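Chemist: To be precise about what I am sending: the file is called start.cif and holds mmCIF, N, CA and C atoms.
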```
data_model
#
loop_
_atom_site.label_atom_id
_atom_site.label_comp_id
_atom_site.auth_asym_id
_atom_site.auth_seq_id
_atom_site.Cartn_x
_atom_site.Cartn_y
_atom_site.Cartn_z
N MET N 265 8.78 -3.35 19.25
CA MET N 265 7.40 -3.28 18.82
C MET N 265 6.78 -4.65 18.97
N ARG N 266 5.62 -4.72 19.58
CA ARG N 266 4.92 -5.99 19.76
C ARG N 266 3.99 -6.22 18.58
N THR N 267 3.92 -7.45 18.14
CA THR N 267 3.01 -7.80 17.06
C THR N 267 2.10 -8.91 17.51
N THR N 268 0.94 -8.96 16.92
CA THR N 268 -0.01 -10.02 17.24
C THR N 268 0.15 -11.16 16.25
N THR N 269 -0.40 -12.30 16.59
CA THR N 269 -0.37 -13.44 15.68
C THR N 269 -1.02 -13.09 14.36
N GLY N 270 -2.10 -12.33 14.40
CA GLY N 270 -2.80 -11.93 13.18
C GLY N 270 -1.92 -11.10 12.26
N LEU N 271 -1.16 -10.15 12.83
CA LEU N 271 -0.28 -9.32 12.01
C LEU N 271 0.86 -10.14 11.42
N ARG N 272 1.41 -11.07 12.21
CA ARG N 272 2.47 -11.93 11.68
C ARG N 272 1.93 -12.81 10.56
N THR N 273 0.72 -13.34 10.72
CA THR N 273 0.11 -14.16 9.68
C THR N 273 -0.12 -13.34 8.42
N LEU N 274 -0.59 -12.11 8.57
CA LEU N 274 -0.81 -11.23 7.42
C LEU N 274 0.51 -10.97 6.69
N ALA N 275 1.57 -10.70 7.44
CA ALA N 275 2.87 -10.44 6.82
C ALA N 275 3.36 -11.65 6.04
N VAL N 276 3.24 -12.83 6.62
CA VAL N 276 3.68 -14.05 5.93
C VAL N 276 2.85 -14.28 4.67
N ALA N 277 1.54 -14.07 4.76
CA ALA N 277 0.67 -14.28 3.60
C ALA N 277 1.02 -13.31 2.48
N MET N 278 1.28 -12.04 2.82
CA MET N 278 1.60 -11.05 1.79
C MET N 278 2.95 -11.34 1.16
N LEU N 279 3.91 -11.77 1.96
CA LEU N 279 5.24 -12.04 1.43
C LEU N 279 5.28 -13.29 0.56
N THR N 280 4.37 -14.21 0.77
CA THR N 280 4.35 -15.43 -0.04
C THR N 280 3.43 -15.29 -1.23
N GLY N 281 2.82 -14.14 -1.39
CA GLY N 281 1.97 -13.91 -2.56
C GLY N 281 0.55 -14.41 -2.37
N ALA N 282 0.19 -14.82 -1.17
CA ALA N 282 -1.17 -15.32 -0.93
C ALA N 282 -2.15 -14.15 -0.84
N THR N 283 -3.38 -14.45 -1.10
CA THR N 283 -4.44 -13.46 -0.97
C THR N 283 -5.08 -13.64 0.39
N LEU N 284 -5.23 -12.55 1.13
CA LEU N 284 -5.79 -12.63 2.46
C LEU N 284 -6.79 -11.50 2.65
N ALA N 285 -7.99 -11.86 3.01
CA ALA N 285 -9.00 -10.86 3.32
C ALA N 285 -9.22 -10.88 4.82
N VAL N 286 -9.19 -9.72 5.41
CA VAL N 286 -9.37 -9.61 6.84
C VAL N 286 -10.79 -9.16 7.11
N THR N 287 -11.53 -9.93 7.88
CA THR N 287 -12.89 -9.53 8.19
C THR N 287 -13.05 -9.35 9.69
N ALA N 288 -13.86 -8.39 10.04
CA ALA N 288 -14.16 -8.12 11.43
C ALA N 288 -15.63 -7.77 11.53
N ALA N 289 -16.36 -8.54 12.27
CA ALA N 289 -17.79 -8.31 12.47
C ALA N 289 -18.53 -8.19 11.15
N GLY N 290 -18.11 -8.99 10.18
CA GLY N 290 -18.80 -9.03 8.90
C GLY N 290 -18.39 -7.94 7.92
N THR N 291 -17.43 -7.10 8.28
CA THR N 291 -16.98 -6.06 7.37
C THR N 291 -15.48 -6.20 7.17
N PHE N 292 -14.98 -5.67 6.08
CA PHE N 292 -13.56 -5.72 5.81
C PHE N 292 -12.86 -4.63 6.61
N ALA N 293 -11.71 -4.96 7.15
CA ALA N 293 -10.92 -3.98 7.91
C ALA N 293 -9.60 -3.76 7.19
N ALA N 294 -9.14 -2.52 7.14
CA ALA N 294 -7.86 -2.22 6.50
C ALA N 294 -6.73 -2.78 7.35
N ALA N 295 -5.68 -3.25 6.70
CA ALA N 295 -4.51 -3.75 7.40
C ALA N 295 -3.89 -2.61 8.19
N ALA N 296 -3.22 -2.97 9.28
CA ALA N 296 -2.54 -1.96 10.08
C ALA N 296 -1.45 -1.29 9.26
N PRO N 297 -1.25 0.00 9.41
CA PRO N 297 -0.23 0.67 8.63
C PRO N 297 1.15 0.11 8.96
N PRO N 298 1.95 -0.16 7.94
CA PRO N 298 3.29 -0.68 8.16
C PRO N 298 4.23 0.40 8.66
N THR N 299 5.39 -0.01 9.12
CA THR N 299 6.39 0.92 9.59
C THR N 299 7.50 1.03 8.56
N TYR N 300 8.38 2.03 8.72
CA TYR N 300 9.49 2.20 7.80
C TYR N 300 10.50 1.07 7.96
N ALA N 301 11.17 0.77 6.86
CA ALA N 301 12.25 -0.21 6.90
C ALA N 301 13.42 0.36 7.68
N GLU N 302 14.21 -0.51 8.24
CA GLU N 302 15.40 -0.11 8.98
C GLU N 302 16.31 0.73 8.08
N GLY N 303 16.83 1.81 8.59
CA GLY N 303 17.77 2.61 7.83
C GLY N 303 17.14 3.82 7.15
N HIS N 304 15.81 3.89 7.06
CA HIS N 304 15.18 5.05 6.44
C HIS N 304 15.25 6.23 7.40
N ARG N 305 15.73 7.35 6.93
CA ARG N 305 15.93 8.51 7.79
C ARG N 305 15.03 9.67 7.44
N GLY N 306 14.03 9.44 6.63
CA GLY N 306 13.09 10.52 6.35
C GLY N 306 13.50 11.40 5.19
N GLY N 307 13.41 12.70 5.39
CA GLY N 307 13.67 13.65 4.31
C GLY N 307 12.36 14.31 3.89
N GLY N 308 11.38 14.24 4.74
CA GLY N 308 10.08 14.84 4.44
C GLY N 308 9.12 13.84 3.86
N PRO N 309 7.86 14.18 3.91
CA PRO N 309 6.84 13.25 3.39
C PRO N 309 6.94 13.07 1.89
N ILE N 310 6.64 11.89 1.45
CA ILE N 310 6.60 11.58 0.02
C ILE N 310 5.14 11.67 -0.41
N ARG N 311 4.87 12.50 -1.41
CA ARG N 311 3.52 12.66 -1.91
C ARG N 311 3.36 11.85 -3.18
N GLY N 312 2.27 11.11 -3.26
CA GLY N 312 1.96 10.35 -4.45
C GLY N 312 0.77 10.96 -5.16
N THR N 313 0.85 11.01 -6.48
CA THR N 313 -0.24 11.55 -7.30
C THR N 313 -0.77 10.43 -8.19
N ILE N 314 -2.09 10.24 -8.21
CA ILE N 314 -2.70 9.22 -9.04
C ILE N 314 -2.59 9.67 -10.50
N VAL N 315 -1.99 8.82 -11.34
CA VAL N 315 -1.75 9.17 -12.74
C VAL N 315 -2.53 8.26 -13.69
N SER N 316 -3.68 7.82 -13.26
CA SER N 316 -4.56 7.00 -14.09
C SER N 316 -5.62 7.88 -14.73
N ARG N 317 -6.20 7.41 -15.81
CA ARG N 317 -7.28 8.17 -16.45
C ARG N 317 -8.63 7.89 -15.78
N THR N 318 -8.68 6.86 -14.96
CA THR N 318 -9.90 6.47 -14.27
C THR N 318 -9.62 6.39 -12.77
N PRO N 319 -10.66 6.42 -11.92
CA PRO N 319 -10.43 6.28 -10.48
C PRO N 319 -9.73 4.96 -10.15
N ILE N 320 -8.89 5.01 -9.12
CA ILE N 320 -8.10 3.85 -8.68
C ILE N 320 -8.61 3.39 -7.32
N ASP N 321 -8.72 2.06 -7.17
CA ASP N 321 -9.16 1.47 -5.91
C ASP N 321 -8.01 1.42 -4.90
N VAL N 322 -8.33 1.75 -3.65
CA VAL N 322 -7.42 1.60 -2.52
C VAL N 322 -7.85 0.31 -1.84
N ARG N 323 -6.89 -0.58 -1.55
CA ARG N 323 -7.23 -1.93 -1.09
C ARG N 323 -6.65 -2.27 0.28
N THR N 324 -7.22 -3.30 0.90
CA THR N 324 -6.79 -3.75 2.23
C THR N 324 -5.48 -4.50 2.20
N ALA N 325 -5.09 -5.02 1.05
CA ALA N 325 -3.84 -5.77 0.89
C ALA N 325 -3.30 -5.48 -0.51
N PRO N 326 -2.01 -5.72 -0.75
CA PRO N 326 -1.41 -5.40 -2.05
C PRO N 326 -1.74 -6.41 -3.14
N THR N 327 -3.01 -6.56 -3.42
CA THR N 327 -3.51 -7.45 -4.46
C THR N 327 -4.86 -6.95 -4.94
N THR N 328 -5.17 -7.16 -6.21
CA THR N 328 -6.46 -6.73 -6.74
C THR N 328 -7.60 -7.61 -6.25
N HIS N 329 -7.28 -8.68 -5.55
CA HIS N 329 -8.31 -9.58 -5.02
C HIS N 329 -8.78 -9.17 -3.62
N SER N 330 -8.14 -8.19 -3.02
CA SER N 330 -8.52 -7.76 -1.67
C SER N 330 -9.64 -6.73 -1.72
N ALA N 331 -10.23 -6.50 -0.58
CA ALA N 331 -11.37 -5.58 -0.47
C ALA N 331 -10.96 -4.14 -0.78
N VAL N 332 -11.87 -3.40 -1.38
CA VAL N 332 -11.68 -1.98 -1.68
C VAL N 332 -12.15 -1.17 -0.48
N VAL N 333 -11.27 -0.27 0.01
CA VAL N 333 -11.63 0.57 1.16
C VAL N 333 -11.85 2.03 0.77
N ASP N 334 -11.41 2.39 -0.43
CA ASP N 334 -11.56 3.77 -0.88
C ASP N 334 -11.32 3.79 -2.39
N ARG N 335 -11.61 4.91 -3.01
CA ARG N 335 -11.35 5.09 -4.44
C ARG N 335 -10.81 6.50 -4.62
N LEU N 336 -9.70 6.62 -5.37
CA LEU N 336 -9.06 7.92 -5.58
C LEU N 336 -9.20 8.34 -7.03
N SER N 337 -9.56 9.59 -7.25
CA SER N 337 -9.73 10.15 -8.59
C SER N 337 -8.39 10.47 -9.22
N PRO N 338 -8.34 10.52 -10.56
CA PRO N 338 -7.11 10.93 -11.23
C PRO N 338 -6.66 12.30 -10.71
N GLY N 339 -5.37 12.44 -10.46
CA GLY N 339 -4.83 13.69 -9.94
C GLY N 339 -4.86 13.81 -8.43
N SER N 340 -5.53 12.86 -7.74
CA SER N 340 -5.57 12.88 -6.28
C SER N 340 -4.16 12.75 -5.71
N LYS N 341 -3.95 13.38 -4.57
CA LYS N 341 -2.64 13.31 -3.90
C LYS N 341 -2.83 12.77 -2.49
N ASP N 342 -1.85 12.00 -2.04
CA ASP N 342 -1.86 11.46 -0.68
C ASP N 342 -0.41 11.19 -0.28
N ARG N 343 -0.19 11.06 1.00
CA ARG N 343 1.15 10.75 1.50
C ARG N 343 1.42 9.26 1.34
N VAL N 344 2.58 8.94 0.77
CA VAL N 344 3.03 7.55 0.61
C VAL N 344 3.98 7.26 1.76
N LYS N 345 3.65 6.27 2.58
CA LYS N 345 4.49 5.95 3.73
C LYS N 345 5.60 4.98 3.36
N CYS N 346 5.26 3.90 2.62
CA CYS N 346 6.25 2.89 2.28
C CYS N 346 5.70 2.00 1.17
N MET N 347 6.55 1.06 0.70
CA MET N 347 6.12 0.17 -0.38
C MET N 347 6.53 -1.26 -0.07
N LEU N 348 5.86 -2.20 -0.74
CA LEU N 348 6.27 -3.60 -0.70
C LEU N 348 5.83 -4.28 -1.98
N ARG N 349 6.36 -5.49 -2.18
CA ARG N 349 6.00 -6.28 -3.37
C ARG N 349 4.68 -6.98 -3.11
N GLY N 350 3.83 -6.97 -4.11
CA GLY N 350 2.54 -7.65 -4.04
C GLY N 350 2.22 -8.21 -5.40
N GLN N 351 0.95 -8.26 -5.72
CA GLN N 351 0.52 -8.74 -7.03
C GLN N 351 1.00 -7.78 -8.10
N SER N 352 1.54 -8.31 -9.18
CA SER N 352 2.02 -7.48 -10.28
C SER N 352 0.83 -6.89 -11.05
N VAL N 353 0.88 -5.59 -11.30
CA VAL N 353 -0.14 -4.89 -12.08
C VAL N 353 0.56 -4.27 -13.28
N ASN N 354 0.22 -4.73 -14.47
CA ASN N 354 0.87 -4.27 -15.71
C ASN N 354 2.39 -4.40 -15.63
N GLY N 355 2.87 -5.47 -14.98
CA GLY N 355 4.30 -5.72 -14.87
C GLY N 355 4.98 -5.03 -13.70
N ASN N 356 4.26 -4.24 -12.92
CA ASN N 356 4.83 -3.54 -11.76
C ASN N 356 4.37 -4.24 -10.48
N PRO N 357 5.30 -4.87 -9.73
CA PRO N 357 4.91 -5.63 -8.54
C PRO N 357 4.81 -4.80 -7.26
N TYR N 358 5.08 -3.51 -7.31
CA TYR N 358 5.13 -2.71 -6.08
C TYR N 358 3.80 -2.03 -5.77
N TRP N 359 3.53 -1.92 -4.47
CA TRP N 359 2.32 -1.27 -3.96
C TRP N 359 2.75 -0.28 -2.89
N TYR N 360 2.05 0.86 -2.82
CA TYR N 360 2.34 1.90 -1.84
C TYR N 360 1.23 1.95 -0.79
N TRP N 361 1.65 2.19 0.47
CA TRP N 361 0.69 2.42 1.55
C TRP N 361 0.38 3.91 1.57
N PHE N 362 -0.91 4.26 1.33
CA PHE N 362 -1.36 5.65 1.36
C PHE N 362 -1.91 5.93 2.75
N THR N 363 -1.31 6.90 3.45
CA THR N 363 -1.70 7.15 4.83
C THR N 363 -3.09 7.75 4.98
N GLY N 364 -3.46 8.69 4.12
CA GLY N 364 -4.79 9.30 4.22
C GLY N 364 -5.90 8.33 3.86
N ALA N 365 -5.69 7.56 2.81
CA ALA N 365 -6.70 6.60 2.36
C ALA N 365 -6.65 5.31 3.18
N ARG N 366 -5.57 5.13 3.95
CA ARG N 366 -5.39 3.96 4.82
C ARG N 366 -5.52 2.65 4.06
N GLY N 367 -4.74 2.53 2.99
CA GLY N 367 -4.76 1.31 2.22
C GLY N 367 -3.67 1.29 1.17
N TRP N 368 -3.68 0.22 0.37
CA TRP N 368 -2.65 -0.03 -0.64
C TRP N 368 -3.11 0.41 -2.03
N VAL N 369 -2.19 1.01 -2.79
CA VAL N 369 -2.43 1.42 -4.17
C VAL N 369 -1.27 0.89 -5.01
N SER N 370 -1.58 0.32 -6.16
CA SER N 370 -0.53 -0.18 -7.04
C SER N 370 0.37 0.98 -7.48
N ALA N 371 1.68 0.77 -7.38
CA ALA N 371 2.64 1.79 -7.79
C ALA N 371 2.55 2.09 -9.28
N GLU N 372 1.92 1.21 -10.02
CA GLU N 372 1.75 1.41 -11.47
C GLU N 372 1.00 2.71 -11.77
N PHE N 373 0.15 3.15 -10.84
CA PHE N 373 -0.71 4.30 -11.08
C PHE N 373 -0.37 5.50 -10.20
N VAL N 374 0.86 5.51 -9.63
CA VAL N 374 1.24 6.58 -8.71
C VAL N 374 2.56 7.21 -9.14
N ASP N 375 2.59 8.54 -9.18
CA ASP N 375 3.82 9.28 -9.45
C ASP N 375 4.30 9.87 -8.13
N THR N 376 5.54 9.54 -7.74
CA THR N 376 6.12 10.07 -6.50
C THR N 376 7.16 11.15 -6.79
N GLY N 377 7.16 11.68 -7.99
CA GLY N 377 8.11 12.72 -8.33
C GLY N 377 9.55 12.22 -8.28
N ARG N 378 9.74 10.96 -8.62
CA ARG N 378 11.05 10.31 -8.65
C ARG N 378 11.69 10.19 -7.27
N ARG N 379 10.90 10.38 -6.21
CA ARG N 379 11.43 10.20 -4.86
C ARG N 379 11.45 8.73 -4.52
N SER N 380 12.47 8.31 -3.83
CA SER N 380 12.61 6.92 -3.42
C SER N 380 11.66 6.63 -2.25
N VAL N 381 10.88 5.56 -2.39
CA VAL N 381 9.93 5.18 -1.35
C VAL N 381 10.56 4.05 -0.52
N PRO N 382 10.59 4.20 0.82
CA PRO N 382 11.20 3.16 1.65
C PRO N 382 10.38 1.87 1.64
N ALA N 383 11.05 0.77 1.90
CA ALA N 383 10.37 -0.51 2.01
C ALA N 383 9.60 -0.58 3.31
N CYS N 384 8.45 -1.27 3.30
CA CYS N 384 7.64 -1.46 4.51
C CYS N 384 8.18 -2.63 5.32
N VAL N 385 7.99 -2.53 6.60
CA VAL N 385 8.28 -3.63 7.52
C VAL N 385 6.96 -3.96 8.18
N CYS N 386 6.46 -5.15 7.92
CA CYS N 386 5.15 -5.53 8.47
C CYS N 386 5.28 -6.27 9.77
#
```
Could you express the structure from this file as structure tokens?
Modeler:
Amino acid sequence: MRTTTGLRTLAVAMLTGATLAVTAAGTFAAAAPPTYAEGHRGGGPIRGTIVSRTPIDVRTAPTTHSAVVDRLSPGSKDRVKCMLRGQSVNGNPYWYWFTGARGWVSAEFVDTGRRSVPACVC
């Protein structure tokens, strides 16, 4: 898989805990969807359900400081592709990539039905 300098920079920034906003032509662009970690063999799609009492923001990066690209209502469902460590939210440092919403959601507000979510490879 070929990666661009921008994607490598984004990966390094996210892994070091830095906040990075990606802009294109004056608007925020969602990060490219990550791929599965080595060794993940599937087992069907993992569905995540929003378990917050209020709508949850979907973000361009796994931090509350990044741009909002969508908002999901309580009870909303989407496919969870993978997870990685980001900014801690209520003590939970994990964030999930939602494929339909094309962005990151804090794992603190997502129920995956106790299914194991694979790590992302950026």
Chemist: Can you list what the PyMOL selection byres (((chain N and resi 354 and name CA) around 10) and name CA) grabs from this structure, as JSON, numbers by chain?
Modeler: {"N": [351, 352, 353, 355, 356, 357, 370, 372, 373]}
Chemist: Would you mind exporting the chosen residues as a JSON list (two decimals), in the coordinates of the input, restricted to N, CA and C atoms?
Modeler:
```json
[["chain", "number", "residue", "atom", "x", "y", "z"],
["N", 351, "GLN", "N", 0.95, -8.26, -5.72],
["N", 351, "GLN", "CA", 0.52, -8.74, -7.03],
["N", 351, "GLN", "C", 1.00, -7.78, -8.10],
["N", 352, "SER", "N", 1.54, -8.31, -9.18],
["N", 352, "SER", "CA", 2.02, -7.48, -10.28],
["N", 352, "SER", "C", 0.83, -6.89, -11.05],
["N", 353, "VAL", "N", 0.88, -5.59, -11.30],
["N", 353, "VAL", "CA", -0.14, -4.89, -12.08],
["N", 353, "VAL", "C", 0.56, -4.27, -13.28],
["N", 355, "GLY", "N", 2.87, -5.47, -14.98],
["N", 355, "GLY", "CA", 4.30, -5.72, -14.87],
["N", 355, "GLY", "C", 4.98, -5.03, -13.70],
["N", 356, "ASN", "N", 4.26, -4.24, -12.92],
["N", 356, "ASN", "CA", 4.83, -3.54, -11.76],
["N", 356, "ASN", "C", 4.37, -4.24, -10.48],
["N", 357, "PRO", "N", 5.30, -4.87, -9.73],
["N", 357, "PRO", "CA", 4.91, -5.63, -8.54],
["N", 357, "PRO", "C", 4.81, -4.80, -7.26],
["N", 370, "SER", "N", -1.58, 0.32, -6.16],
["N", 370, "SER", "CA", -0.53, -0.18, -7.04],
["N", 370, "SER", "C", 0.37, 0.98, -7.48],
["N", 372, "GLU", "N", 1.92, 1.21, -10.02],
["N", 372, "GLU", "CA", 1.75, 1.41, -11.47],
["N", 372, "GLU", "C", 1.00, 2.71, -11.77],
["N", 373, "PHE", "N", 0.15, 3.15, -10.84],
["N", 373, "PHE", "CA", -0.71, 4.30, -11.08],
["N", 373, "PHE", "C", -0.37, 5.50, -10.20]]
```
Chemist: Rank nothing, just name the residue among N:Phe362, N:Arg379, N:Ile314, N:Ile320 nearest to Ser340 (chain N), using all atoms listed in the file.
Modeler: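 Among N:Phe362, N:Arg379, N:Ile314, N:Ile320, it is N:Ile314 that comes nearest to Ser340 (chain N).
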Chemist: Can you list, as a list in words, every protein, DNA or RNA residue that comes within 8 Å of Arg317 (chain N) when you count all atoms listed in the file, leaving out same-chain residues fewer than 4 positions away?
Modeler: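 Listed by chain and then number, they are Ser337, Pro338, Gly339 and Phe373 of chain N.
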Chemist: Just want the 6 Å neighbourhood of region 308-311 of chain N, counted on all atoms listed in the file, with same-chain residues fewer than 5 positions away dropped. Output as a list of chain:residue names.
Modeler: N:Asp342, N:Arg343, N:Val344, N:Asp375, N:Thr376
Chemist: What separation in Å, quoted to one decimal, exists between atom N of Arg335 (chain N) and atom N of Asp321 (chain N)?
Modeler: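 Between atom N of Arg335 (chain N) and atom N of Asp321 (chain N) the gap works out to 5.8 Å.
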Chemist: How far is it from atom N of Val315 (chain N) to atom C of Ala383 (chain N), in Å with one decimal?
Modeler: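 One can read the atom N of Val315 (chain N) to atom C of Ala383 (chain N) distance as 20.9 Å.
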Chemist: What would the list of residues within 10 Å of (-12.6, 4.6, 4.5) (file frame) look like as a ChimeraX atom specification, if only C-alpha atoms are what count?
Modeler: /N:293-294,322,332-335,364-367
Chemist: To verify the selection step, state as a PyMOL selection string which residues the PyMOL selection byres ((chain N and resi 360) around 5) yields on this input.
Modeler: chain N and resi 346-347+358-359+361-362+368-371
Chemist: Please measure the separation of atom N of Thr318 (chain N) and atom C of Pro382 (chain N), giving the value in Å to one decimal.
Modeler: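 About the pair atom N of Thr318 (chain N) and atom C of Pro382 (chain N): they are 25.8 Å apart.
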